[in-house]
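Peer 1: File follows, coords-v2.pdb with PDB, C-alpha atoms, pLDDT in the B column:
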```
ATOM      1  CA  MET A   1      32.292 -47.032 -11.599  1.00 46.00           C
ATOM      2  CA  ASP A   2      33.647 -45.170  -8.608  1.00 45.00           C
ATOM      3  CA  THR A   3      32.209 -46.891  -5.521  1.00 45.00           C
ATOM      4  CA  ARG A   4      34.136 -44.936  -2.933  1.00 44.00           C
ATOM      5  CA  VAL A   5      32.083 -43.309  -0.219  1.00 40.00           C
ATOM      6  CA  ARG A   6      32.091 -39.538  -0.506  1.00 39.00           C
ATOM      7  CA  THR A   7      32.681 -37.769   2.772  1.00 40.00           C
ATOM      8  CA  SER A   8      31.641 -34.228   3.552  1.00 40.00           C
ATOM      9  CA  THR A   9      34.412 -31.635   3.547  1.00 47.00           C
ATOM     10  CA  ARG A  10      32.464 -29.217   5.745  1.00 46.00           C
ATOM     11  CA  THR A  11      33.854 -28.506   9.182  1.00 49.00           C
ATOM     12  CA  PRO A  12      31.805 -29.224  12.318  1.00 47.00           C
ATOM     13  CA  ALA A  13      31.203 -25.472  12.719  1.00 43.00           C
ATOM     14  CA  ALA A  14      29.869 -25.238   9.160  1.00 39.00           C
ATOM     15  CA  LYS A  15      27.579 -28.204   9.737  1.00 42.00           C
ATOM     16  CA  ALA A  16      26.230 -26.632  12.917  1.00 41.00           C
ATOM     17  CA  ALA A  17      25.612 -23.343  11.137  1.00 38.00           C
ATOM     18  CA  ALA A  18      23.727 -25.112   8.349  1.00 37.00           C
ATOM     19  CA  ALA A  19      21.483 -26.915  10.829  1.00 38.00           C
ATOM     20  CA  ARG A  20      20.776 -23.782  12.854  1.00 53.00           C
ATOM     21  CA  PRO A  21      17.703 -21.678  11.959  1.00 56.00           C
ATOM     22  CA  ASP A  22      18.355 -18.327  10.271  1.00 90.00           C
ATOM     23  CA  ARG A  23      18.635 -16.248  13.400  1.00 93.00           C
ATOM     24  CA  LYS A  24      19.109 -12.973  11.538  1.00 94.00           C
ATOM     25  CA  GLN A  25      15.841 -13.521   9.700  1.00 94.00           C
ATOM     26  CA  ALA A  26      14.152 -14.601  12.927  1.00 95.00           C
ATOM     27  CA  ILE A  27      15.121 -11.307  14.548  1.00 96.00           C
ATOM     28  CA  LEU A  28      13.720  -9.311  11.626  1.00 95.00           C
ATOM     29  CA  LEU A  29      10.430 -11.188  11.669  1.00 94.00           C
ATOM     30  CA  ALA A  30      10.132 -10.871  15.441  1.00 96.00           C
ATOM     31  CA  ALA A  31      10.728  -7.128  15.305  1.00 95.00           C
ATOM     32  CA  GLU A  32       8.228  -6.734  12.466  1.00 94.00           C
ATOM     33  CA  LYS A  33       5.552  -8.594  14.430  1.00 94.00           C
ATOM     34  CA  LEU A  34       6.092  -6.763  17.716  1.00 94.00           C
ATOM     35  CA  PHE A  35       6.372  -3.311  16.142  1.00 92.00           C
ATOM     36  CA  ALA A  36       3.141  -3.960  14.237  1.00 90.00           C
ATOM     37  CA  GLN A  37       1.270  -5.217  17.296  1.00 89.00           C
ATOM     38  CA  ARG A  38       2.554  -2.851  19.998  1.00 90.00           C
ATOM     39  CA  GLY A  39       4.193   0.107  18.316  1.00 88.00           C
ATOM     40  CA  TYR A  40       7.858   1.024  18.096  1.00 89.00           C
ATOM     41  CA  HIS A  41       8.258   2.669  21.495  1.00 89.00           C
ATOM     42  CA  ALA A  42       6.455  -0.089  23.392  1.00 92.00           C
ATOM     43  CA  VAL A  43       8.911  -2.765  22.232  1.00 94.00           C
ATOM     44  CA  SER A  44      12.357  -3.369  23.708  1.00 96.00           C
ATOM     45  CA  ILE A  45      15.352  -5.077  22.157  1.00 96.00           C
ATOM     46  CA  ARG A  46      15.101  -7.752  24.848  1.00 97.00           C
ATOM     47  CA  GLN A  47      11.509  -8.498  23.870  1.00 97.00           C
ATOM     48  CA  ILE A  48      12.551  -8.837  20.248  1.00 97.00           C
ATOM     49  CA  ALA A  49      15.344 -11.218  21.216  1.00 97.00           C
ATOM     50  CA  ASP A  50      12.937 -13.289  23.319  1.00 96.00           C
ATOM     51  CA  GLU A  51      10.392 -13.430  20.498  1.00 96.00           C
ATOM     52  CA  ALA A  52      13.095 -14.510  18.050  1.00 96.00           C
ATOM     53  CA  GLY A  53      14.607 -17.015  20.492  1.00 96.00           C
ATOM     54  CA  VAL A  54      18.100 -15.594  20.225  1.00 96.00           C
ATOM     55  CA  PRO A  55      20.618 -14.103  22.678  1.00 96.00           C
ATOM     56  CA  LEU A  56      20.100 -10.398  23.374  1.00 95.00           C
ATOM     57  CA  ALA A  57      23.508  -9.427  22.014  1.00 95.00           C
ATOM     58  CA  LEU A  58      22.759 -10.982  18.652  1.00 96.00           C
ATOM     59  CA  VAL A  59      20.158  -8.332  17.824  1.00 96.00           C
ATOM     60  CA  GLY A  60      22.735  -5.576  18.040  1.00 95.00           C
ATOM     61  CA  TYR A  61      25.326  -7.712  16.271  1.00 96.00           C
ATOM     62  CA  TYR A  62      23.138  -8.109  13.199  1.00 96.00           C
ATOM     63  CA  TYR A  63      21.222  -4.826  13.120  1.00 96.00           C
ATOM     64  CA  GLY A  64      22.717  -2.281  15.479  1.00 95.00           C
ATOM     65  CA  GLN A  65      20.350  -0.021  17.403  1.00 94.00           C
ATOM     66  CA  LYS A  66      16.580  -0.361  17.482  1.00 94.00           C
ATOM     67  CA  HIS A  67      15.933   2.379  14.906  1.00 93.00           C
ATOM     68  CA  GLU A  68      18.329   0.610  12.530  1.00 95.00           C
ATOM     69  CA  LEU A  69      16.372  -2.614  12.951  1.00 95.00           C
ATOM     70  CA  PHE A  70      13.168  -0.704  12.196  1.00 94.00           C
ATOM     71  CA  HIS A  71      14.767   0.610   8.998  1.00 94.00           C
ATOM     72  CA  ALA A  72      15.966  -2.881   8.043  1.00 96.00           C
ATOM     73  CA  ILE A  73      12.374  -4.149   7.984  1.00 94.00           C
ATOM     74  CA  PHE A  74      11.436  -1.698   5.246  1.00 94.00           C
ATOM     75  CA  ALA A  75      14.641  -2.349   3.325  1.00 95.00           C
ATOM     76  CA  HIS A  76      13.751  -6.040   3.406  1.00 94.00           C
ATOM     77  CA  TRP A  77      10.299  -5.345   1.919  1.00 93.00           C
ATOM     78  CA  SER A  78      11.413  -2.756  -0.637  1.00 92.00           C
ATOM     79  CA  GLY A  79      10.602  -5.232  -3.414  1.00 90.00           C
ATOM     80  CA  THR A  80       6.898  -4.536  -2.869  1.00 90.00           C
ATOM     81  CA  ILE A  81       7.531  -0.891  -3.741  1.00 93.00           C
ATOM     82  CA  ASP A  82       9.438  -1.970  -6.836  1.00 93.00           C
ATOM     83  CA  GLN A  83       6.460  -4.093  -7.849  1.00 92.00           C
ATOM     84  CA  ARG A  84       4.063  -1.168  -7.556  1.00 94.00           C
ATOM     85  CA  LEU A  85       6.397   1.060  -9.566  1.00 96.00           C
ATOM     86  CA  ALA A  86       6.757  -1.622 -12.246  1.00 96.00           C
ATOM     87  CA  GLU A  87       2.983  -1.943 -12.536  1.00 96.00           C
ATOM     88  CA  LEU A  88       2.677   1.836 -12.714  1.00 97.00           C
ATOM     89  CA  ALA A  89       5.277   2.007 -15.497  1.00 97.00           C
ATOM     90  CA  ALA A  90       3.369  -0.621 -17.467  1.00 97.00           C
ATOM     91  CA  VAL A  91       0.176   1.441 -17.188  1.00 97.00           C
ATOM     92  CA  GLN A  92       1.938   4.647 -18.184  1.00 96.00           C
ATOM     93  CA  ALA A  93       3.208   2.971 -21.360  1.00 96.00           C
ATOM     94  CA  LEU A  94      -0.390   2.477 -22.521  1.00 94.00           C
ATOM     95  CA  PRO A  95      -2.150   5.114 -24.658  1.00 94.00           C
ATOM     96  CA  HIS A  96      -4.518   7.359 -22.766  1.00 93.00           C
ATOM     97  CA  ASP A  97      -8.177   6.460 -22.453  1.00 94.00           C
ATOM     98  CA  ARG A  98     -10.860   6.935 -19.818  1.00 91.00           C
ATOM     99  CA  HIS A  99      -9.819   3.732 -18.038  1.00 95.00           C
ATOM    100  CA  LYS A 100      -6.214   4.781 -17.486  1.00 96.00           C
ATOM    101  CA  LEU A 101      -6.962   6.518 -14.196  1.00 97.00           C
ATOM    102  CA  GLN A 102      -8.492   3.332 -12.835  1.00 97.00           C
ATOM    103  CA  ARG A 103      -5.494   1.292 -13.982  1.00 97.00           C
ATOM    104  CA  ILE A 104      -3.169   3.635 -12.093  1.00 97.00           C
ATOM    105  CA  VAL A 105      -5.269   3.186  -8.963  1.00 97.00           C
ATOM    106  CA  GLU A 106      -5.184  -0.599  -9.447  1.00 96.00           C
ATOM    107  CA  ALA A 107      -1.364  -0.460  -9.573  1.00 96.00           C
ATOM    108  CA  PHE A 108      -1.453   1.553  -6.359  1.00 95.00           C
ATOM    109  CA  VAL A 109      -3.885  -0.718  -4.499  1.00 93.00           C
ATOM    110  CA  GLY A 110      -3.442  -4.221  -5.919  1.00 91.00           C
ATOM    111  CA  PRO A 111       0.039  -5.199  -4.665  1.00 89.00           C
ATOM    112  CA  VAL A 112      -0.761  -3.947  -1.166  1.00 89.00           C
ATOM    113  CA  MET A 113      -3.970  -5.954  -1.021  1.00 88.00           C
ATOM    114  CA  GLN A 114      -2.091  -9.060  -2.174  1.00 85.00           C
ATOM    115  CA  LEU A 115       0.544  -8.483   0.478  1.00 84.00           C
ATOM    116  CA  ARG A 116      -2.046  -8.049   3.217  1.00 83.00           C
ATOM    117  CA  ALA A 117      -3.756 -11.293   2.193  1.00 80.00           C
ATOM    118  CA  SER A 118      -0.503 -13.283   2.391  1.00 80.00           C
ATOM    119  CA  ALA A 119       0.624 -14.921   5.621  1.00 75.00           C
ATOM    120  CA  GLU A 120       4.165 -13.582   5.308  1.00 79.00           C
ATOM    121  CA  GLY A 121       3.040 -10.009   4.638  1.00 84.00           C
ATOM    122  CA  GLU A 122       0.385  -9.607   7.337  1.00 84.00           C
ATOM    123  CA  TYR A 123       2.535  -7.924   9.984  1.00 89.00           C
ATOM    124  CA  TYR A 124       4.387  -5.753   7.492  1.00 90.00           C
ATOM    125  CA  ALA A 125       1.096  -4.488   6.054  1.00 86.00           C
ATOM    126  CA  GLN A 126      -0.070  -3.660   9.580  1.00 84.00           C
ATOM    127  CA  LEU A 127       3.205  -1.915  10.305  1.00 87.00           C
ATOM    128  CA  VAL A 128       2.900   0.224   7.174  1.00 87.00           C
ATOM    129  CA  SER A 129      -0.726   1.088   7.829  1.00 81.00           C
ATOM    130  CA  HIS A 130      -0.395   1.880  11.527  1.00 74.00           C
ATOM    131  CA  GLY A 131       3.215   1.916  12.655  1.00 67.00           C
ATOM    132  CA  LEU A 132       4.417   4.674  10.348  1.00 73.00           C
ATOM    133  CA  SER A 133       1.845   7.132  11.651  1.00 67.00           C
ATOM    134  CA  SER A 134       2.233   6.444  15.360  1.00 63.00           C
ATOM    135  CA  GLN A 135       5.942   7.296  15.680  1.00 69.00           C
ATOM    136  CA  PRO A 136       6.730  10.080  13.169  1.00 74.00           C
ATOM    137  CA  GLU A 137      10.228  10.838  14.464  1.00 79.00           C
ATOM    138  CA  ILE A 138      11.268   7.245  13.720  1.00 83.00           C
ATOM    139  CA  ALA A 139       9.152   6.788  10.614  1.00 86.00           C
ATOM    140  CA  ASP A 140      10.096   9.980   8.767  1.00 89.00           C
ATOM    141  CA  PRO A 141      13.493   8.716   7.517  1.00 90.00           C
ATOM    142  CA  VAL A 142      11.774   5.528   6.302  1.00 90.00           C
ATOM    143  CA  LEU A 143       9.062   7.523   4.557  1.00 91.00           C
ATOM    144  CA  LYS A 144      11.587   9.775   2.846  1.00 92.00           C
ATOM    145  CA  GLU A 145      13.765   6.911   1.632  1.00 93.00           C
ATOM    146  CA  PHE A 146      11.224   4.302   0.609  1.00 93.00           C
ATOM    147  CA  PHE A 147       7.765   5.832   0.251  1.00 94.00           C
ATOM    148  CA  ASP A 148       8.250   9.431  -0.903  1.00 95.00           C
ATOM    149  CA  PRO A 149       9.719   8.354  -4.280  1.00 96.00           C
ATOM    150  CA  LEU A 150       6.738   6.018  -4.717  1.00 96.00           C
ATOM    151  CA  ALA A 151       4.314   8.808  -3.869  1.00 97.00           C
ATOM    152  CA  ARG A 152       5.953  11.249  -6.283  1.00 97.00           C
ATOM    153  CA  ALA A 153       5.792   8.706  -9.096  1.00 97.00           C
ATOM    154  CA  PHE A 154       2.078   8.089  -8.583  1.00 98.00           C
ATOM    155  CA  ILE A 155       1.306  11.801  -8.180  1.00 98.00           C
ATOM    156  CA  ALA A 156       3.086  12.556 -11.445  1.00 97.00           C
ATOM    157  CA  ALA A 157       1.252   9.740 -13.242  1.00 97.00           C
ATOM    158  CA  LEU A 158      -2.106  10.866 -11.866  1.00 97.00           C
ATOM    159  CA  GLN A 159      -1.526  14.474 -12.863  1.00 96.00           C
ATOM    160  CA  GLU A 160      -0.463  13.520 -16.386  1.00 96.00           C
ATOM    161  CA  THR A 161      -3.580  11.383 -16.851  1.00 96.00           C
ATOM    162  CA  LEU A 162      -6.000  13.830 -15.247  1.00 96.00           C
ATOM    163  CA  ARG A 163      -4.828  16.665 -17.495  1.00 95.00           C
ATOM    164  CA  HIS A 164      -6.733  14.996 -20.317  1.00 94.00           C
ATOM    165  CA  GLU A 165      -9.952  15.600 -18.377  1.00 92.00           C
ATOM    166  CA  ALA A 166      -8.977  18.672 -16.351  1.00 94.00           C
ATOM    167  CA  PRO A 167      -6.202  20.629 -18.130  1.00 94.00           C
ATOM    168  CA  THR A 168      -5.768  23.078 -15.244  1.00 94.00           C
ATOM    169  CA  VAL A 169      -5.328  20.462 -12.534  1.00 95.00           C
ATOM    170  CA  THR A 170      -2.488  21.385 -10.177  1.00 96.00           C
ATOM    171  CA  ARG A 171       0.075  19.204  -8.468  1.00 96.00           C
ATOM    172  CA  GLY A 172      -1.313  20.363  -5.144  1.00 96.00           C
ATOM    173  CA  GLN A 173      -4.776  19.051  -5.993  1.00 96.00           C
ATOM    174  CA  VAL A 174      -3.353  15.730  -7.113  1.00 97.00           C
ATOM    175  CA  ALA A 175      -1.168  15.464  -4.005  1.00 97.00           C
ATOM    176  CA  TRP A 176      -4.280  15.854  -1.847  1.00 96.00           C
ATOM    177  CA  CYS A 177      -6.040  13.178  -3.885  1.00 97.00           C
ATOM    178  CA  TYR A 178      -3.053  10.881  -3.355  1.00 97.00           C
ATOM    179  CA  GLN A 179      -3.205  11.479   0.394  1.00 95.00           C
ATOM    180  CA  PHE A 180      -6.923  10.716   0.485  1.00 96.00           C
ATOM    181  CA  ALA A 181      -6.385   7.559  -1.578  1.00 96.00           C
ATOM    182  CA  LEU A 182      -3.566   6.472   0.715  1.00 94.00           C
ATOM    183  CA  GLY A 183      -5.736   7.025   3.762  1.00 92.00           C
ATOM    184  CA  SER A 184      -8.483   4.834   2.310  1.00 93.00           C
ATOM    185  CA  LEU A 185      -6.034   2.059   1.467  1.00 92.00           C
ATOM    186  CA  LEU A 186      -4.240   2.072   4.818  1.00 89.00           C
ATOM    187  CA  HIS A 187      -7.454   2.197   6.803  1.00 88.00           C
ATOM    188  CA  HIS A 188      -8.853  -0.719   4.837  1.00 88.00           C
ATOM    189  CA  ILE A 189      -5.891  -3.010   5.514  1.00 84.00           C
ATOM    190  CA  TYR A 190      -5.756  -2.144   9.212  1.00 82.00           C
ATOM    191  CA  ASP A 191      -9.309  -1.601  10.453  1.00 82.00           C
ATOM    192  CA  ARG A 192     -11.481  -4.572  11.413  1.00 83.00           C
ATOM    193  CA  ARG A 193     -14.710  -2.832  12.368  1.00 89.00           C
ATOM    194  CA  VAL A 194     -16.379  -3.377   9.011  1.00 90.00           C
ATOM    195  CA  THR A 195     -17.426  -6.881  10.089  1.00 91.00           C
ATOM    196  CA  ARG A 196     -19.204  -5.504  13.132  1.00 93.00           C
ATOM    197  CA  LEU A 197     -20.595  -2.436  11.385  1.00 93.00           C
ATOM    198  CA  SER A 198     -21.967  -4.498   8.497  1.00 92.00           C
ATOM    199  CA  GLY A 199     -23.626  -7.007  10.807  1.00 92.00           C
ATOM    200  CA  GLY A 200     -21.383  -9.726   9.405  1.00 91.00           C
ATOM    201  CA  ASP A 201     -22.167  -9.016   5.751  1.00 93.00           C
ATOM    202  CA  ALA A 202     -18.587  -7.857   5.123  1.00 90.00           C
ATOM    203  CA  VAL A 203     -15.335  -9.456   6.244  1.00 88.00           C
ATOM    204  CA  ALA A 204     -12.388  -7.370   7.411  1.00 84.00           C
ATOM    205  CA  ASN A 205      -9.430  -7.274   4.996  1.00 78.00           C
ATOM    206  CA  ASP A 206     -11.421  -9.188   2.376  1.00 82.00           C
ATOM    207  CA  PRO A 207      -9.333  -9.205  -0.848  1.00 79.00           C
ATOM    208  CA  ALA A 208     -12.611  -9.201  -2.796  1.00 83.00           C
ATOM    209  CA  ALA A 209     -13.163  -5.652  -1.551  1.00 88.00           C
ATOM    210  CA  ALA A 210     -10.243  -4.483  -3.712  1.00 90.00           C
ATOM    211  CA  THR A 211     -12.597  -3.757  -6.600  1.00 93.00           C
ATOM    212  CA  LEU A 212     -14.805  -1.616  -4.365  1.00 94.00           C
ATOM    213  CA  LEU A 213     -11.775   0.246  -3.046  1.00 95.00           C
ATOM    214  CA  VAL A 214     -10.375   0.866  -6.535  1.00 96.00           C
ATOM    215  CA  ASN A 215     -13.723   2.174  -7.747  1.00 96.00           C
ATOM    216  CA  PHE A 216     -14.131   4.340  -4.655  1.00 96.00           C
ATOM    217  CA  ILE A 217     -10.710   5.948  -5.089  1.00 97.00           C
ATOM    218  CA  THR A 218     -11.046   6.337  -8.849  1.00 97.00           C
ATOM    219  CA  HIS A 219     -14.441   8.033  -8.701  1.00 95.00           C
ATOM    220  CA  GLY A 220     -13.352  10.111  -5.730  1.00 96.00           C
ATOM    221  CA  ILE A 221     -10.326  11.506  -7.549  1.00 96.00           C
ATOM    222  CA  ARG A 222     -12.303  12.178 -10.696  1.00 95.00           C
ATOM    223  CA  GLY A 223     -15.139  13.741  -8.732  1.00 93.00           C
ATOM    224  CA  VAL A 224     -12.769  16.209  -7.077  1.00 91.00           C
ATOM    225  CA  VAL A 225     -10.541  17.081 -10.014  1.00 90.00           C
ATOM    226  CA  ALA A 226     -12.807  16.588 -13.014  1.00 80.00           C
ATOM    227  CA  PRO A 227     -16.436  16.464 -11.801  1.00 80.00           C
ATOM    228  CA  GLN A 228     -17.751  17.135 -15.281  1.00 72.00           C
ATOM    229  CA  ALA A 229     -16.065  13.910 -16.443  1.00 61.00           C
ATOM    230  CA  ALA A 230     -17.355  11.950 -13.462  1.00 59.00           C
ATOM    231  CA  THR A 231     -20.988  12.936 -14.000  1.00 54.00           C
ATOM    232  CA  PRO A 232     -22.845  11.217 -16.842  1.00 51.00           C
ATOM    233  CA  ALA A 233     -24.128  13.530 -19.513  1.00 45.00           C
ATOM    234  CA  SER A 234     -27.443  14.906 -18.374  1.00 39.00           C
ATOM    235  CA  ARG A 235     -30.466  13.887 -20.338  1.00 38.00           C
ATOM    236  CA  PRO A 236     -32.911  16.501 -21.656  1.00 39.00           C
ATOM    237  CA  SER A 237     -35.681  17.248 -19.230  1.00 40.00           C
ATOM    238  CA  SER A 238     -38.970  15.583 -20.018  1.00 39.00           C
ATOM    239  CA  PRO A 239     -41.876  17.815 -20.964  1.00 37.00           C
ATOM    240  CA  SER A 240     -43.670  16.858 -17.753  1.00 38.00           C
ATOM    241  CA  SER A 241     -40.810  18.061 -15.531  1.00 38.00           C
ATOM    242  CA  ALA A 242     -39.833  21.109 -17.519  1.00 38.00           C
ATOM    243  CA  THR A 243     -41.456  24.453 -17.029  1.00 37.00           C
ATOM    244  CA  LYS A 244     -43.411  25.058 -20.176  1.00 40.00           C
ATOM    245  CA  ARG A 245     -43.344  28.467 -21.655  1.00 41.00           C
ATOM    246  CA  PRO A 246     -46.541  29.652 -23.258  1.00 42.00           C
ATOM    247  CA  ALA A 247     -46.453  29.396 -27.002  1.00 44.00           C
ATOM    248  CA  ARG A 248     -46.256  32.655 -28.830  1.00 43.00           C
ATOM    249  CA  ARG A 249     -48.910  33.247 -31.399  1.00 40.00           C
ATOM    250  CA  ARG A 250     -47.634  33.824 -34.822  1.00 38.00           C
ATOM    251  CA  GLN A 251     -48.609  37.130 -36.261  1.00 39.00           C
ATOM    252  CA  ALA A 252     -50.935  36.878 -39.182  1.00 35.00           C
TER
END
```
Would you kindly transcribe this structure into structure tokens?

Peer 2:
Amino acid sequence: MDTRVRTSTRTPAAKAAAARPDRKQAILLAAEKLFAQRGYHAVSIRQIADEAGVPLALVGYYYGQKHELFHAIFAHWSGTIDQRLAELAAVQALPHDRHKLQRIVEAFVGPVMQLRASAEGEYYAQLVSHGLSSQPEIADPVLKEFFDPLARAFIAALQETLRHEAPTVTRGQVAWCYQFALGSLLHHIYDRRVTRLSGGDAVANDPAAATLLVNFITHGIRGVVAPQAATPASRPSSPSSATKRPARRRQA
């Protein structure tokens, strides 16, 4: 048996690099947190460097200018979009039934709710829900690259499914429904007033509210596009509530 002591072949510089925290990742996380909390324009590169605990020059070395760092955050989280698209594709592969619309909405809502509930996704979820609307000139390239393809995929899936209940539904109608659904989702993951407004009966960002949100969006879309499908079949009026017509006498 070989009893010789094995020595490391790594150089001192390599050993130091291995022991050092991932400063590139630290910068990304610091920027994500500060952008989510304060907004893009209220945050400086120096503040990001201080939050990450790195030299100021290192931010530019790894990411370039501030808008490039903002873009890098969404590139880092692009896997969440892939997850939503994968879940949507799985739903689309199923045969159509009345529950398909709800399954599409679940694919739209579920991954975001899971992300918001996770410790590592909290600031990103806040950034998506609030940061993309507060600085449109910075956010628009991000929206076009990462979120517009997602939106188009869900709009197409919604329109295809809704045509079974409303054959004349237009893409414009479905696009509005998507926007309303998106507004509900983003407001839910960002707003905290529900705890106060409910007198403590509801908890802000409660993952258990996902079912309520899915049902709200599903019935809202169906109520706008296919109200006849959203309303249960009406029962015949009871004799007591109906206006009775006088019986005609049969001629002898």

Peer 1: Would you mind telling me which residue in A:Leu213, A:Ile27, A:Arg222, A:Leu101 lies nearest to A:Leu158 when using all atoms listed in the file?

Peer 2: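 Residue with the minimum atom-to-atom distance to A:Leu158: A:Leu101.
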
Peer 1: Find, counting all atoms listed in the file, the residue in A:Val174, A:Leu28, A:Val203, A:Val54 that gets nearest to A:Ala75.

Peer 2: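 The closest residue to A:Ala75 is A:Leu28.
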
Peer 1: Determine, counting only C-alpha atoms, which protein, DNA and RNA residues have an atom within 10 Å of an atom of A:Ala210; residues of the same chain fewer than 2 positions away are not included. Present the result as a list in words.

Peer 2: Glu106, Val109, Gly110, Val112, Met113, Gln114, Leu185, His188, Asn205, Asp206, Pro207, Ala208, Leu212, Leu213, Val214, Asn215 and Phe216 of chain A

Peer 1: On this structure, the PyMOL selection byres ((chain A and resi 123) around 12) would catch which residues? List them as a short mmCIF file (atom, residue, chain, number, x, y, z; two decimals) with C-alpha atoms, keeping the file's coordinate frame, sorted by chain and number.

Peer 2:
```cif
data_model
loop_
_atom_site.label_atom_id
_atom_site.label_comp_id
_atom_site.auth_asym_id
_atom_site.auth_seq_id
_atom_site.Cartn_x
_atom_site.Cartn_y
_atom_site.Cartn_z
CA LEU A 28 13.72 -9.31 11.63
CA LEU A 29 10.43 -11.19 11.67
CA ALA A 30 10.13 -10.87 15.44
CA ALA A 31 10.73 -7.13 15.30
CA GLU A 32 8.23 -6.73 12.47
CA LYS A 33 5.55 -8.59 14.43
CA LEU A 34 6.09 -6.76 17.72
CA PHE A 35 6.37 -3.31 16.14
CA ALA A 36 3.14 -3.96 14.24
CA GLN A 37 1.27 -5.22 17.30
CA ARG A 38 2.55 -2.85 20.00
CA GLY A 39 4.19 0.11 18.32
CA ILE A 73 12.37 -4.15 7.98
CA PHE A 74 11.44 -1.70 5.25
CA TRP A 77 10.30 -5.34 1.92
CA LEU A 115 0.54 -8.48 0.48
CA ARG A 116 -2.05 -8.05 3.22
CA ALA A 117 -3.76 -11.29 2.19
CA SER A 118 -0.50 -13.28 2.39
CA ALA A 119 0.62 -14.92 5.62
CA GLU A 120 4.16 -13.58 5.31
CA GLY A 121 3.04 -10.01 4.64
CA GLU A 122 0.38 -9.61 7.34
CA TYR A 124 4.39 -5.75 7.49
CA ALA A 125 1.10 -4.49 6.05
CA GLN A 126 -0.07 -3.66 9.58
CA LEU A 127 3.20 -1.92 10.30
CA VAL A 128 2.90 0.22 7.17
CA SER A 129 -0.73 1.09 7.83
CA HIS A 130 -0.40 1.88 11.53
CA GLY A 131 3.22 1.92 12.66
CA ILE A 189 -5.89 -3.01 5.51
CA TYR A 190 -5.76 -2.14 9.21
#
```

Peer 1: Determine the axis-aligned bounding box of all atoms of stretch 193-198 of chain A present in the file, pad each side by 8 Å, and express its centre and edge lengths in Å to one decimal place as lines of an AutoDock Vina configuration file.

Peer 2:
```
center_x = -18.3
center_y = -4.7
center_z = 10.8
size_x = 23.3
size_y = 20.4
size_z = 20.6
```

Peer 1: Between A:Val224, A:Asp50, A:Leu58, A:Phe147, which has the minimum distance to A:Arg23 (counting all atoms listed in the file)?

Peer 2: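 Looking only at the distances to A:Arg23, the closest residue turns out to be A:Leu58.
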
Peer 1: Could you tell me how far atom CA of A:Ile155 sits from atom CA of A:Tyr178, in Å to one decimal place?

Peer 2: 6.6 Å

Peer 1: Taking into account only C-alpha atoms, which residue in the set A:Ala26, A:Val169, A:Leu197, A:Ala202 is nearest to A:Glu51?

Peer 2: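 For A:Glu51, the nearest of the given residues is A:Ala26.
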
Peer 1: Using only C-alpha atoms, can you tell me which of A:Asp140, A:Asp201, A:Asp22, A:Glu87 comes closest to A:Phe154?

Peer 2: A:Glu87

Peer 1: Please provide the set of residues having any atom within 9 Å of A:Ile81, restricted to only C-alpha atoms, with same-chain residues fewer than 5 positions apart removed, written as JSON, numbers by chain.

Peer 2: {"A": [86, 111, 146, 147, 150]}
